[in-house]
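As provided, start02.cif (mmCIF, C-alpha atoms (C1' of nucleotides)) reads as follows.
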data_target
loop_
_atom_site.label_atom_id
_atom_site.label_comp_id
_atom_site.auth_asym_id
_atom_site.auth_seq_id
_atom_site.Cartn_x
_atom_site.Cartn_y
_atom_site.Cartn_z
CA MET X 1 127.55 134.78 115.52
CA CYS X 2 125.78 132.47 113.18
CA LEU X 3 123.82 131.11 116.11
CA HIS X 4 123.00 134.61 117.13
CA LEU X 5 121.57 135.43 113.73
CA MET X 6 119.64 132.22 113.73
CA SER X 7 118.06 132.94 117.05
CA VAL X 8 117.08 136.41 115.90
CA HIS X 9 115.58 134.91 112.81
CA ALA X 10 113.78 132.24 114.80
CA THR X 11 112.38 134.88 117.11
CA LEU X 12 111.10 136.96 114.23
CA VAL X 13 109.50 133.92 112.67
CA ALA X 14 107.92 133.03 115.99
CA VAL X 15 106.61 136.55 116.45
CA SER X 16 105.08 136.70 112.99
CA ASP X 17 103.67 133.21 113.47
CA VAL X 18 101.99 134.31 116.65
CA ALA X 19 100.58 137.41 114.97
CA GLU X 20 99.42 135.28 112.07
CA GLN X 21 97.73 132.80 114.35
CA GLY X 22 95.92 135.64 116.06
CA LEU X 23 94.70 136.88 112.73
CA VAL X 24 93.51 133.43 111.72
CA GLN X 25 91.73 133.00 115.01
CA GLU X 26 90.07 136.37 114.62
CA TRP X 27 88.85 135.35 111.19
CA HIS X 28 87.46 132.08 112.46
CA GLU X 29 85.60 133.87 115.23
CA LEU X 30 84.22 136.39 112.76
CA LEU X 31 83.14 133.56 110.50
CA ALA X 32 81.50 131.59 113.28
CA ARG X 33 79.74 134.65 114.62
CA TYR X 34 78.47 135.74 111.24
CA SER X 35 77.39 132.25 110.38
CA ALA X 36 75.41 131.77 113.58
CA VAL X 37 73.59 135.08 113.30
CA PHE X 38 72.87 134.86 109.59
CA THR X 39 71.63 131.28 109.66
CA THR X 40 69.31 131.95 112.57
CA LEU X 41 68.03 135.15 110.99
CA GLU X 42 67.44 133.43 107.68
CA CYS X 43 65.62 130.59 109.32
CA ARG X 44 63.37 132.50 111.69
CA LEU X 45 62.53 135.37 109.33
CA GLN X 46 61.62 132.83 106.69
CA GLU X 47 59.36 130.73 108.86
CA ARG X 48 57.61 133.65 110.56
CA HIS X 49 57.46 136.27 107.81
CA GLY X 50 58.31 134.57 104.58
CA ILE X 51 61.35 136.71 103.80
CA GLY X 52 65.09 136.04 103.87
CA ALA X 53 67.73 137.97 105.80
CA ASN X 54 68.84 139.91 102.74
CA GLU X 55 65.25 140.77 101.85
CA PHE X 56 64.87 142.13 105.36
CA GLU X 57 67.98 144.30 105.07
CA ALA X 58 66.63 145.75 101.83
CA LEU X 59 63.22 146.44 103.37
CA GLU X 60 64.83 148.07 106.39
CA ARG X 61 66.90 150.28 104.18
CA LEU X 62 63.85 151.28 102.16
CA ALA X 63 61.66 151.80 105.22
CA THR X 64 64.12 154.06 107.01
CA CYS X 65 65.83 155.94 104.19
CA ASP X 66 62.67 156.23 102.11
CA PHE X 67 63.56 158.75 99.43
CA LYS X 68 66.27 158.80 96.80
CA CYS X 69 66.70 155.05 97.01
CA ARG X 70 67.97 153.91 93.68
CA SER X 71 68.71 150.30 92.97
CA ALA X 72 72.41 151.08 93.09
CA ASP X 73 72.06 152.47 96.63
CA LEU X 74 70.65 149.14 97.73
CA THR X 75 73.59 147.33 96.19
CA GLY X 76 75.85 149.39 98.39
CA ALA X 77 73.77 148.89 101.54
CA ILE X 78 73.32 145.13 101.41
CA HIS X 79 76.40 143.15 100.57
CA LEU X 80 75.39 141.63 97.29
CA SER X 81 76.40 142.00 93.67
CA GLN X 82 74.49 144.29 91.36
CA SER X 83 72.75 141.37 89.66
CA ALA X 84 71.74 139.79 92.96
CA THR X 85 70.26 143.10 94.08
CA SER X 86 68.32 143.37 90.84
CA ARG X 87 66.78 139.95 91.35
CA LEU X 88 66.17 140.67 95.04
CA VAL X 89 64.15 143.75 94.12
CA ALA X 90 62.29 141.69 91.52
CA ARG X 91 61.34 139.14 94.16
CA LEU X 92 60.17 141.83 96.57
CA GLU X 93 58.17 143.46 93.81
CA LYS X 94 56.52 140.18 92.89
CA GLU X 95 55.44 139.85 96.51
CA GLY X 96 54.07 143.39 96.42
CA LEU X 97 56.45 144.66 99.09
CA VAL X 98 58.20 147.25 96.91
CA GLU X 99 57.57 149.09 93.68
CA ARG X 100 59.87 150.07 90.87
CA ALA X 101 59.40 153.57 89.50
CA LEU X 102 61.14 155.11 86.53
CA CYS X 103 63.56 157.87 87.34
CA GLU X 104 62.66 160.76 85.06
CA LEU X 105 65.96 162.62 85.37
CA ASP X 106 68.04 159.63 84.39
CA ARG X 107 65.87 157.19 82.55
CA ARG X 108 68.40 154.41 82.91
CA GLY X 109 67.91 154.27 86.68
CA ILE X 110 64.93 153.21 88.73
CA PHE X 111 63.64 154.27 92.11
CA VAL X 112 62.67 151.53 94.49
CA THR X 113 59.99 152.45 97.03
CA ILE X 114 58.46 150.39 99.78
CA THR X 115 54.71 149.76 99.67
CA ASP X 116 52.31 149.81 102.63
CA ALA X 117 52.33 146.02 102.64
CA GLY X 118 56.13 146.14 102.60
CA ARG X 119 56.25 148.52 105.53
CA GLU X 120 53.83 146.35 107.44
CA ARG X 121 55.86 143.24 106.75
CA TYR X 122 59.01 145.06 107.74
CA LEU X 123 57.61 146.24 111.08
CA ALA X 124 56.46 142.73 111.94
CA ALA X 125 59.78 141.18 110.88
CA LYS X 126 61.71 143.84 112.75
CA ARG X 127 60.72 142.37 116.10
CA THR X 128 61.94 138.93 115.07
CA HIS X 129 65.11 140.46 113.68
CA ARG X 130 65.98 142.27 116.93
CA GLU X 131 65.07 139.20 118.92
CA VAL X 132 67.51 137.07 116.95
CA LEU X 133 70.27 139.67 117.27
CA ASN X 134 69.70 139.72 121.01
CA GLU X 135 70.01 135.96 121.20
CA THR X 136 72.96 135.46 118.93
CA LEU X 137 75.18 138.51 119.40
CA ARG X 138 76.79 137.74 122.71
CA MET Z 1 51.52 161.30 138.49
CA CYS Z 2 50.38 160.23 135.11
CA LEU Z 3 53.04 162.44 133.56
CA HIS Z 4 55.62 160.90 135.82
CA LEU Z 5 54.76 157.39 134.70
CA MET Z 6 54.83 158.47 131.10
CA SER Z 7 58.27 159.93 131.38
CA VAL Z 8 59.56 156.78 133.03
CA HIS Z 9 58.05 154.77 130.22
CA ALA Z 10 59.50 157.08 127.61
CA THR Z 11 62.92 156.79 129.21
CA LEU Z 12 62.77 153.00 129.21
CA VAL Z 13 61.74 152.94 125.57
CA ALA Z 14 64.56 155.31 124.71
CA VAL Z 15 67.08 153.19 126.58
CA SER Z 16 65.97 149.98 124.89
CA ASP Z 17 65.96 151.75 121.53
CA VAL Z 18 69.51 152.84 122.04
CA ALA Z 19 70.56 149.34 123.04
CA GLU Z 20 68.74 147.95 120.02
CA GLN Z 21 70.41 150.39 117.68
CA GLY Z 22 73.77 149.39 119.07
CA LEU Z 23 72.98 145.77 118.40
CA VAL Z 24 71.89 146.52 114.86
CA GLN Z 25 75.02 148.53 114.22
CA GLU Z 26 77.16 145.73 115.59
CA TRP Z 27 75.45 143.32 113.22
CA HIS Z 28 76.00 145.59 110.24
CA GLU Z 29 79.65 145.93 111.08
CA LEU Z 30 79.99 142.19 111.47
CA LEU Z 31 78.26 141.69 108.14
CA ALA Z 32 80.40 144.26 106.35
CA ARG Z 33 83.59 142.86 107.83
CA TYR Z 34 82.72 139.27 106.99
CA SER Z 35 81.64 140.22 103.54
CA ALA Z 36 84.82 142.11 102.73
CA VAL Z 37 87.12 139.36 103.97
CA PHE Z 38 85.21 136.48 102.42
CA THR Z 39 84.76 138.09 99.03
CA THR Z 40 88.43 139.01 98.79
CA LEU Z 41 89.52 135.56 99.94
CA GLU Z 42 87.20 133.86 97.48
CA CYS Z 43 88.42 136.02 94.64
CA ARG Z 44 92.15 135.85 95.24
CA LEU Z 45 92.30 132.19 96.24
CA GLN Z 46 90.33 131.32 93.14
CA GLU Z 47 92.47 133.26 90.71
CA ARG Z 48 95.81 132.24 92.19
CA HIS Z 49 95.18 128.68 93.34
CA GLY Z 50 91.92 127.55 91.83
CA ILE Z 51 90.15 126.91 95.12
CA GLY Z 52 87.41 128.72 96.99
CA ALA Z 53 87.51 130.04 100.54
CA ASN Z 54 85.54 127.09 101.91
CA GLU Z 55 87.76 124.64 100.08
CA PHE Z 56 90.74 126.30 101.72
CA GLU Z 57 89.22 126.01 105.18
CA ALA Z 58 88.65 122.32 104.60
CA LEU Z 59 92.20 121.79 103.37
CA GLU Z 60 93.60 123.70 106.33
CA ARG Z 61 91.60 121.58 108.70
CA LEU Z 62 92.80 118.40 107.01
CA ALA Z 63 96.42 119.55 106.79
CA THR Z 64 96.71 120.49 110.44
CA CYS Z 65 94.46 117.97 112.19
CA ASP Z 66 95.41 115.12 109.90
CA PHE Z 67 94.07 112.05 111.66
CA LYS Z 68 90.58 111.06 112.71
CA CYS Z 69 89.03 113.51 110.26
CA ARG Z 70 85.66 112.17 109.39
CA SER Z 71 83.36 113.96 107.01
CA ALA Z 72 81.18 114.98 109.94
CA ASP Z 73 84.16 116.65 111.64
CA LEU Z 74 84.59 118.84 108.59
CA THR Z 75 80.94 119.83 108.71
CA GLY Z 76 81.54 121.11 112.22
CA ALA Z 77 84.74 122.95 111.34
CA ILE Z 78 83.59 124.84 108.27
CA HIS Z 79 80.21 126.48 108.55
CA LEU Z 80 78.27 124.53 105.95
CA SER Z 81 75.47 122.03 105.95
CA GLN Z 82 76.16 118.33 105.84
CA SER Z 83 75.19 118.08 102.19
CA ALA Z 84 77.36 121.04 101.19
CA THR Z 85 80.31 119.44 102.98
CA SER Z 86 79.72 116.20 101.15
CA ARG Z 87 79.85 117.94 97.80
CA LEU Z 88 82.84 120.02 98.87
CA VAL Z 89 84.78 116.84 99.63
CA ALA Z 90 83.64 115.40 96.30
CA ARG Z 91 85.02 118.45 94.48
CA LEU Z 92 88.33 118.27 96.33
CA GLU Z 93 88.58 114.57 95.58
CA LYS Z 94 87.92 115.14 91.89
CA GLU Z 95 90.83 117.60 91.90
CA GLY Z 96 93.03 115.03 93.63
CA LEU Z 97 93.52 117.15 96.73
CA VAL Z 98 91.90 114.73 99.17
CA GLU Z 99 90.99 111.06 99.31
CA ARG Z 100 88.01 109.31 100.75
CA ALA Z 101 88.76 106.14 102.68
CA LEU Z 102 86.25 103.73 104.13
CA CYS Z 103 86.15 103.58 107.87
CA GLU Z 104 86.39 99.91 108.80
CA LEU Z 105 85.01 100.26 112.30
CA ASP Z 106 81.87 102.02 111.18
CA ARG Z 107 81.28 101.32 107.54
CA ARG Z 108 78.77 104.12 107.22
CA GLY Z 109 81.43 106.76 107.82
CA ILE Z 110 84.36 107.82 105.68
CA PHE Z 111 87.75 109.21 106.52
CA VAL Z 112 88.90 112.18 104.51
CA THR Z 113 92.66 112.52 104.15
CA ILE Z 114 94.68 115.16 102.38
CA THR Z 115 96.95 114.05 99.54
CA ASP Z 116 100.46 115.31 98.80
CA ALA Z 117 99.06 117.46 96.03
CA GLY Z 118 96.49 118.77 98.48
CA ARG Z 119 99.10 119.65 101.07
CA GLU Z 120 101.17 121.38 98.41
CA ARG Z 121 98.19 123.38 97.22
CA TYR Z 122 97.33 124.25 100.80
CA LEU Z 123 100.80 125.53 101.62
CA ALA Z 124 100.83 127.73 98.53
CA ALA Z 125 97.33 129.04 99.20
CA LYS Z 126 98.16 129.64 102.86
CA ARG Z 127 100.39 132.58 101.96
CA THR Z 128 97.64 134.20 99.94
CA HIS Z 129 95.15 133.49 102.70
CA ARG Z 130 97.26 135.17 105.38
CA GLU Z 131 98.00 138.04 103.05
CA VAL Z 132 94.32 138.70 102.54
CA LEU Z 133 93.59 138.48 106.26
CA ASN Z 134 96.33 141.01 106.87
CA GLU Z 135 94.84 143.37 104.34
CA THR Z 136 91.20 143.06 105.25
CA LEU Z 137 91.11 142.53 109.01
CA ARG Z 138 91.70 146.02 110.24
"C1'" DC V 1 67.25 86.28 115.29
"C1'" DG V 2 64.17 89.84 113.14
"C1'" DA V 3 62.05 94.27 113.19
"C1'" DC V 4 62.72 99.01 113.81
"C1'" DA V 5 64.77 103.41 115.28
"C1'" DG V 6 68.99 105.99 114.59
"C1'" DT V 7 73.25 107.52 112.18
"C1'" DA V 8 76.68 108.79 108.19
"C1'" DC V 9 76.95 110.19 104.02
"C1'" DA V 10 75.02 110.87 99.07
"C1'" DT V 11 71.77 112.91 95.93
"C1'" DG V 12 67.44 115.13 93.55
"C1'" DC V 13 65.63 119.48 93.59
"C1'" DA V 14 64.72 124.33 93.85
"C1'" DC V 15 66.86 128.54 94.37
"C1'" DA V 16 70.10 132.49 95.24
"C1'" DC V 17 74.47 133.94 93.90
"C1'" DG V 18 78.42 136.04 90.90
"C1'" DC V 19 80.25 136.73 86.33
"C1'" DA V 20 79.77 138.00 81.87
"C1'" DT V 21 76.95 140.09 78.72
"C1'" DC V 22 73.00 142.67 76.83
"C1'" DT V 23 70.03 146.77 76.32
"C1'" DA V 24 68.88 151.37 76.77
"C1'" DA V 25 70.04 155.85 78.14
"C1'" DT V 26 73.54 159.45 79.15
"C1'" DG V 27 77.77 162.04 78.75
"C1'" DT V 28 81.82 163.57 75.93
"C1'" DC V 29 84.65 164.89 72.21
"C1'" DT V 30 85.35 166.41 67.62
"C1'" DA N 1 74.90 166.55 65.13
"C1'" DG N 2 77.34 161.87 64.94
"C1'" DA N 3 80.50 158.49 66.92
"C1'" DC N 4 82.19 156.35 70.98
"C1'" DA N 5 82.89 155.48 75.82
"C1'" DT N 6 80.30 155.08 80.12
"C1'" DT N 7 76.64 153.93 83.30
"C1'" DA N 8 72.12 151.68 85.30
"C1'" DG N 9 69.90 147.91 85.49
"C1'" DA N 10 68.24 143.15 83.46
"C1'" DT N 11 69.29 138.50 82.12
"C1'" DG N 12 71.60 133.87 80.44
"C1'" DC N 13 74.49 130.68 82.43
"C1'" DG N 14 77.13 127.85 85.47
"C1'" DT N 15 77.75 126.74 90.18
"C1'" DG N 16 77.29 126.25 95.28
"C1'" DT N 17 73.88 125.90 98.87
"C1'" DG N 18 70.13 124.06 102.09
"C1'" DC N 19 66.23 121.01 102.58
"C1'" DA N 20 64.24 116.82 102.04
"C1'" DT N 21 64.99 112.31 101.02
"C1'" DG N 22 67.47 108.05 99.73
"C1'" DT N 23 70.83 104.36 100.77
"C1'" DA N 24 73.66 101.68 103.48
"C1'" DC N 25 75.05 100.43 107.86
"C1'" DT N 26 74.74 100.15 113.16
"C1'" DG N 27 72.51 99.56 117.60
"C1'" DT N 28 68.63 98.15 120.44
"C1'" DC N 29 64.76 95.79 122.05
"C1'" DG N 30 61.40 92.07 122.14
#

Can you give me the file's structure in the form of structure tokens?
Amino acid sequence: MCLHLMSVHATLVAVSDVAEQGLVQEWHELLARYSAVFTTLECRLQERHGIGANEFEALERLATCDFKCRSADLTGAIHLSQSATSRLVARLEKEGLVERALCELDRRGIFVTITDAGRERYLAAKRTHREVLNETLR
Amino acid sequence: MCLHLMSVHATLVAVSDVAEQGLVQEWHELLARYSAVFTTLECRLQERHGIGANEFEALERLATCDFKCRSADLTGAIHLSQSATSRLVARLEKEGLVERALCELDRRGIFVTITDAGRERYLAAKRTHREVLNETLR
DNA sequence: CGACAGTACATGCACACGCATCTAATGTCT
DNA sequence: AGACATTAGATGCGTGTGCATGTACTGTCG
């Protein structure tokens, strides 16, 4: 009776342990995968086009979605904090790849628009980006 | 004839575009997934146990693999540069969670071993860690 | 043995990040 | 209209990171 309960308990523990191990393994694979892709992207985009992986994501967003892109929208698209996005936009602006425009309806917000130079840089970097994804995702 | 070639070309472009879009989408999902898990881990591990997600990975590695854990082994296990690993170990040591021991055979290297306090901290944090994985991985 | 390349880890440096906070503008409630 | 909470974005600050380099040690070759 007591043994019976113990074995049930042991089985349950074993089952949850197995499930847990699977979860941990999944996380480690996710981490390794992410890490490999991101590092390679960062490296190759930087050396060929002078922009980081996050900068590229922002440019891509701006190049494809074009209108109604407020700073807050970018924060949602790329996975960064609001402050990091703000500085990211500042960097891109300093490089002349984007422009900040006041939003007349809500003068607290700003519109971020991509410049011609930004679009050009994006199109060039896009090839490298896809190339890296091809190499590193499976 | 010319039209025929053009349509073949157009089809090939379309096919490769579709494949490319799939790859991009896969990358965005990977990024979003990683970001959600890591951020939550970082946040909850920090507030409950005073360690970051990378610190936890290092402790887990040390707690389970125990012997022959050189600093370089850690660099391989967690996805950080050699210098970041060095500082990570320094932080853990300052908190009394690990110890650095000289390696007699090769006096350039060091062995990193987990302390009792470190193992205790790890076991406590492990629950939180698994909990977060359960919540955020699907 | 002595010089010289290679390896393991530490460290100076610049920089990107998140958190907390600030500023300016908007909405809301009386 | 005036006071107060809320929101968008900027910024000071502390910290973690990668790159380049430094330091100590090992291995090899003449």

So which residues get picked by the PyMOL selection byres ((chain Z) within 9 of (chain X)) here, written as a list in words?
Glu20, Leu23, Val24, Glu26, Trp27, Leu30, Leu31, Ala32, Arg33, Tyr34, Ser35, Ala36, Val37, Phe38, Ile78, His79, Leu80, Arg130, Leu133, Asn134 and Leu137 of chain Z

(message) When you look at DA10 (chain N) with a cut-off of 12 Å (counting all atoms listed in the file), what residues show up, excluding the ones that are within fewer than 4 positions of it in the same chain? I need them as a PyMOL selection string.
(response) (chain X and resi 71+82-87+89-90+108-110) or (chain V and resi 21-24)

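Between CA of Asn54 (chain Z) and C1' of DA20 (chain N) lies a distance of 23.6 Å.
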
Self-check item: Selection dump of the PyMOL selection byres ((chain N) within 12 of (chain X)), as a list in words
Solution: DT7, DA8, DG9, DA10, DT11, DG12, DG18 and DC19 of chain N

Selection dump of the PyMOL selection byres ((chain X and resi 61) around 12), as a PDB file with C-alpha atoms, keeping the file's coordinate frame:
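Written out: selection38.pdb:
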ATOM      1  CA  ASN X  54      68.840 139.910 102.740  1.00  0.00           C
ATOM      2  CA  GLU X  55      65.250 140.770 101.850  1.00  0.00           C
ATOM      3  CA  PHE X  56      64.870 142.130 105.360  1.00  0.00           C
ATOM      4  CA  GLU X  57      67.980 144.300 105.070  1.00  0.00           C
ATOM      5  CA  ALA X  58      66.630 145.750 101.830  1.00  0.00           C
ATOM      6  CA  LEU X  59      63.220 146.440 103.370  1.00  0.00           C
ATOM      7  CA  GLU X  60      64.830 148.070 106.390  1.00  0.00           C
ATOM      8  CA  LEU X  62      63.850 151.280 102.160  1.00  0.00           C
ATOM      9  CA  ALA X  63      61.660 151.800 105.220  1.00  0.00           C
ATOM     10  CA  THR X  64      64.120 154.060 107.010  1.00  0.00           C
ATOM     11  CA  CYS X  65      65.830 155.940 104.190  1.00  0.00           C
ATOM     12  CA  ASP X  66      62.670 156.230 102.110  1.00  0.00           C
ATOM     13  CA  PHE X  67      63.560 158.750  99.430  1.00  0.00           C
ATOM     14  CA  LYS X  68      66.270 158.800  96.800  1.00  0.00           C
ATOM     15  CA  CYS X  69      66.700 155.050  97.010  1.00  0.00           C
ATOM     16  CA  ARG X  70      67.970 153.910  93.680  1.00  0.00           C
ATOM     17  CA  SER X  71      68.710 150.300  92.970  1.00  0.00           C
ATOM     18  CA  ASP X  73      72.060 152.470  96.630  1.00  0.00           C
ATOM     19  CA  LEU X  74      70.650 149.140  97.730  1.00  0.00           C
ATOM     20  CA  THR X  75      73.590 147.330  96.190  1.00  0.00           C
ATOM     21  CA  GLY X  76      75.850 149.390  98.390  1.00  0.00           C
ATOM     22  CA  ALA X  77      73.770 148.890 101.540  1.00  0.00           C
ATOM     23  CA  ILE X  78      73.320 145.130 101.410  1.00  0.00           C
ATOM     24  CA  VAL X  98      58.200 147.250  96.910  1.00  0.00           C
ATOM     25  CA  VAL X 112      62.670 151.530  94.490  1.00  0.00           C
ATOM     26  CA  THR X 113      59.990 152.450  97.030  1.00  0.00           C
ATOM     27  CA  ILE X 114      58.460 150.390  99.780  1.00  0.00           C
ATOM     28  CA  GLY X 118      56.130 146.140 102.600  1.00  0.00           C
ATOM     29  CA  ARG X 119      56.250 148.520 105.530  1.00  0.00           C
ATOM     30  CA  TYR X 122      59.010 145.060 107.740  1.00  0.00           C
ATOM     31  CA  LYS X 126      61.710 143.840 112.750  1.00  0.00           C
TER      32      LYS X 126
ATOM     33  CA  HIS Z  28      76.000 145.590 110.240  1.00  0.00           C
TER      34      HIS Z  28
END

Could you work out which residues of chain V fall inside 9 Å of chain Z? Count all atoms listed in the file, and format the result as an NGL selection string. :V and (7-11)

Atom pair CA of Cys103 (chain Z) + C1' of DG16 (chain N), distance 27.4 Å

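Between CA of Thr115 (chain X) and CA of Leu97 (chain X) the interatomic distance comes to 5.4 Å.
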
Return region 20-36 of chain Z, completed with N, CA and C atoms, as a PDB file, keeping the file's coordinate frame.
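Once everything was written out, this is rebuild_14.pdb:
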ATOM      1  N   GLU Z  20      69.094 148.647 121.245  1.00  0.00           N
ATOM      2  CA  GLU Z  20      68.740 147.950 120.020  1.00  0.00           C
ATOM      3  C   GLU Z  20      69.536 148.478 118.836  1.00  0.00           C
ATOM      4  N   GLN Z  21      69.645 149.802 118.768  1.00  0.00           N
ATOM      5  CA  GLN Z  21      70.410 150.390 117.680  1.00  0.00           C
ATOM      6  C   GLN Z  21      71.867 149.955 117.721  1.00  0.00           C
ATOM      7  N   GLY Z  22      72.396 149.856 118.935  1.00  0.00           N
ATOM      8  CA  GLY Z  22      73.770 149.390 119.070  1.00  0.00           C
ATOM      9  C   GLY Z  22      73.935 147.989 118.524  1.00  0.00           C
ATOM     10  N   LEU Z  23      72.956 147.164 118.852  1.00  0.00           N
ATOM     11  CA  LEU Z  23      72.980 145.770 118.400  1.00  0.00           C
ATOM     12  C   LEU Z  23      72.916 145.709 116.875  1.00  0.00           C
ATOM     13  N   VAL Z  24      72.037 146.497 116.305  1.00  0.00           N
ATOM     14  CA  VAL Z  24      71.890 146.520 114.860  1.00  0.00           C
ATOM     15  C   VAL Z  24      73.177 146.982 114.194  1.00  0.00           C
ATOM     16  N   GLN Z  25      73.763 148.018 114.781  1.00  0.00           N
ATOM     17  CA  GLN Z  25      75.020 148.530 114.220  1.00  0.00           C
ATOM     18  C   GLN Z  25      76.113 147.475 114.292  1.00  0.00           C
ATOM     19  N   GLU Z  26      76.163 146.787 115.424  1.00  0.00           N
ATOM     20  CA  GLU Z  26      77.160 145.730 115.590  1.00  0.00           C
ATOM     21  C   GLU Z  26      76.985 144.660 114.512  1.00  0.00           C
ATOM     22  N   TRP Z  27      75.746 144.323 114.249  1.00  0.00           N
ATOM     23  CA  TRP Z  27      75.450 143.320 113.220  1.00  0.00           C
ATOM     24  C   TRP Z  27      75.877 143.798 111.837  1.00  0.00           C
ATOM     25  N   HIS Z  28      75.604 145.064 111.548  1.00  0.00           N
ATOM     26  CA  HIS Z  28      76.000 145.590 110.240  1.00  0.00           C
ATOM     27  C   HIS Z  28      77.508 145.619 110.075  1.00  0.00           C
ATOM     28  N   GLU Z  29      78.191 145.935 111.153  1.00  0.00           N
ATOM     29  CA  GLU Z  29      79.650 145.930 111.080  1.00  0.00           C
ATOM     30  C   GLU Z  29      80.184 144.524 110.874  1.00  0.00           C
ATOM     31  N   LEU Z  30      79.605 143.592 111.609  1.00  0.00           N
ATOM     32  CA  LEU Z  30      79.990 142.190 111.470  1.00  0.00           C
ATOM     33  C   LEU Z  30      79.783 141.718 110.034  1.00  0.00           C
ATOM     34  N   LEU Z  31      78.627 142.065 109.504  1.00  0.00           N
ATOM     35  CA  LEU Z  31      78.260 141.690 108.140  1.00  0.00           C
ATOM     36  C   LEU Z  31      79.230 142.287 107.116  1.00  0.00           C
ATOM     37  N   ALA Z  32      79.515 143.574 107.283  1.00  0.00           N
ATOM     38  CA  ALA Z  32      80.400 144.260 106.350  1.00  0.00           C
ATOM     39  C   ALA Z  32      81.802 143.660 106.398  1.00  0.00           C
ATOM     40  N   ARG Z  33      82.270 143.422 107.610  1.00  0.00           N
ATOM     41  CA  ARG Z  33      83.590 142.860 107.830  1.00  0.00           C
ATOM     42  C   ARG Z  33      83.698 141.474 107.198  1.00  0.00           C
ATOM     43  N   TYR Z  34      82.742 140.624 107.533  1.00  0.00           N
ATOM     44  CA  TYR Z  34      82.720 139.270 106.990  1.00  0.00           C
ATOM     45  C   TYR Z  34      82.714 139.307 105.478  1.00  0.00           C
ATOM     46  N   SER Z  35      81.836 140.141 104.963  1.00  0.00           N
ATOM     47  CA  SER Z  35      81.640 140.220 103.540  1.00  0.00           C
ATOM     48  C   SER Z  35      82.927 140.619 102.811  1.00  0.00           C
ATOM     49  N   ALA Z  36      83.591 141.625 103.356  1.00  0.00           N
ATOM     50  CA  ALA Z  36      84.820 142.110 102.730  1.00  0.00           C
ATOM     51  C   ALA Z  36      85.888 141.022 102.721  1.00  0.00           C
TER      52      ALA Z  36
END
